[in-house]
Amino acid sequence: MNKKYIAEFIGTLGLTLIVSLAIGGGIYSLPVPLAAALFVMMMVYVIGGISGAHLNPAGGIALYANGKISKQEVWKYVGVQLFAGIVALFVSKFIHPFSAPSNTVVVWQAIVGEFAGAFFFLFGLSAVAYGKVTNGASGFVVGGSLLCGLIIAGLIGSLGILNPAVVLALGIFKLSYLLASVVGGICGVWVYK
């Protein structure tokens, strides 16, 4: 297997584990959006030169839809990322077997929140993808864009996930969470472009 897909698996596994374990609780109390954004920021610097540090099927599909990555590459990335999410689901359930995010979110809030959050996350990420941000600032822009997108989604009333791999890691198998972030991401990249 190509090292960029291995790097993508490791990065996505780390992200999905951090989110699912942060929701599950533990000794450290760190807000989930902040934990996710810091991890993504770090991964941009650690594996960005290897795989691009996509870590998110919604982001990869949005970049593909706007011509930034090839069809063969996007489906390999998406497959690796979703597999990492499933592995994270099993690991987090082993560590925190009874934890689960609240399932009381209203469907329209989930759809609107995930769409809007992904739109702004991918709008910001597009500045990096289109070379408008220096390499030194790329992690801050991507991590900051993710944090802003998560906050927007949460304020609307969604769980604020913005990532289908994380959706799988949390054991939430709802189309509103799987598809709204993909559509919002595609729109965010398209509007930026």
# chains A, B, ... in the order shown; residues from 1 in each chain; ligands from 1
call {"tool": "residues_around", "arguments": {"residues": "range 73-88 of chain A", "least_positions_apart": "6", "cutoff": "6 Å", "atoms": "only C-alpha atoms", "output": "list in words"}}
result
Phe9, Thr12, Leu13, Thr16, Leu17, Pro57, Gly60, Ala165, Val166, Leu168 and Ala169 of chain A
call {"tool": "residues_around", "arguments": {"residues": "Lys3 in chain A", "least_positions_apart": "5", "cutoff": "9 Å", "atoms": "only C-alpha atoms", "output": "ChimeraX atom specification"}}
result
/A:8,50-51
call {"tool": "closest_residue", "arguments": {"among": "A:Ala153, A:Ile18, A:Ala36, A:Leu55", "to": "Leu89 in chain A", "atoms": "only C-alpha atoms"}}
result
A:Ile18
call {"tool": "closest_residue", "arguments": {"among": "A:Ala22, A:Leu30, A:Val40, A:Leu175", "to": "Phe140 in chain A", "atoms": "only C-alpha atoms"}}
result
A:Val40
call {"tool": "atom_distance", "arguments": {"atom1": "CA of Ile23 in chain A", "atom2": "CA of Trp108 in chain A"}}
result
22.4 Å
call {"tool": "residues_around", "arguments": {"residues": "range 125-137 of chain A", "least_positions_apart": "3", "cutoff": "8 Å", "atoms": "only C-alpha atoms", "output": "list in words"}}
result
Lys68, Phe121, Leu122, Phe140, Val141, Val142, Ser145, Val189, Tyr192 and Lys193 of chain A
call {"tool": "write_last_selection", "arguments": {"atoms": "C-alpha atoms", "output": "CSV table (one decimal), in the first residue's frame"}}
result
chain,number,residue,atom,x,y,z
A,68,LYS,CA,-8.3,19.4,-7.1
A,121,PHE,CA,-14.7,24.6,7.0
A,122,LEU,CA,-14.1,23.7,3.3
A,140,PHE,CA,-3.5,27.1,11.4
A,141,VAL,CA,-5.9,27.9,8.5
A,142,VAL,CA,-7.2,24.3,8.2
A,145,SER,CA,-11.5,26.6,9.7
A,189,VAL,CA,-15.0,24.7,-2.2
A,192,TYR,CA,-14.3,29.7,-2.9
A,193,LYS,CA,-13.2,28.7,-6.4
call {"tool": "atom_distance", "arguments": {"atom1": "CA of Val44 in chain A", "atom2": "CA of Gly143 in chain A"}}
result
8.4 Å
call {"tool": "closest_residue", "arguments": {"among": "A:Val191, A:Val91, A:Leu146, A:Ala110", "to": "His54 in chain A", "atoms": "only C-alpha atoms"}}
result
A:Leu146
call {"tool": "atom_distance", "arguments": {"atom1": "CA of Ala62 in chain A", "atom2": "CA of Gly113 in chain A"}}
result
17.3 Å
call {"tool": "residues_around", "arguments": {"residues": "range 116-118 of chain A", "least_positions_apart": "4", "cutoff": "7 Å", "atoms": "only C-alpha atoms", "output": "list in words"}}
result
Val112, Leu122, Gly149, Leu150, Ile152, Ala153, Leu162, Ser181, Gly184 and Gly185 of chain A
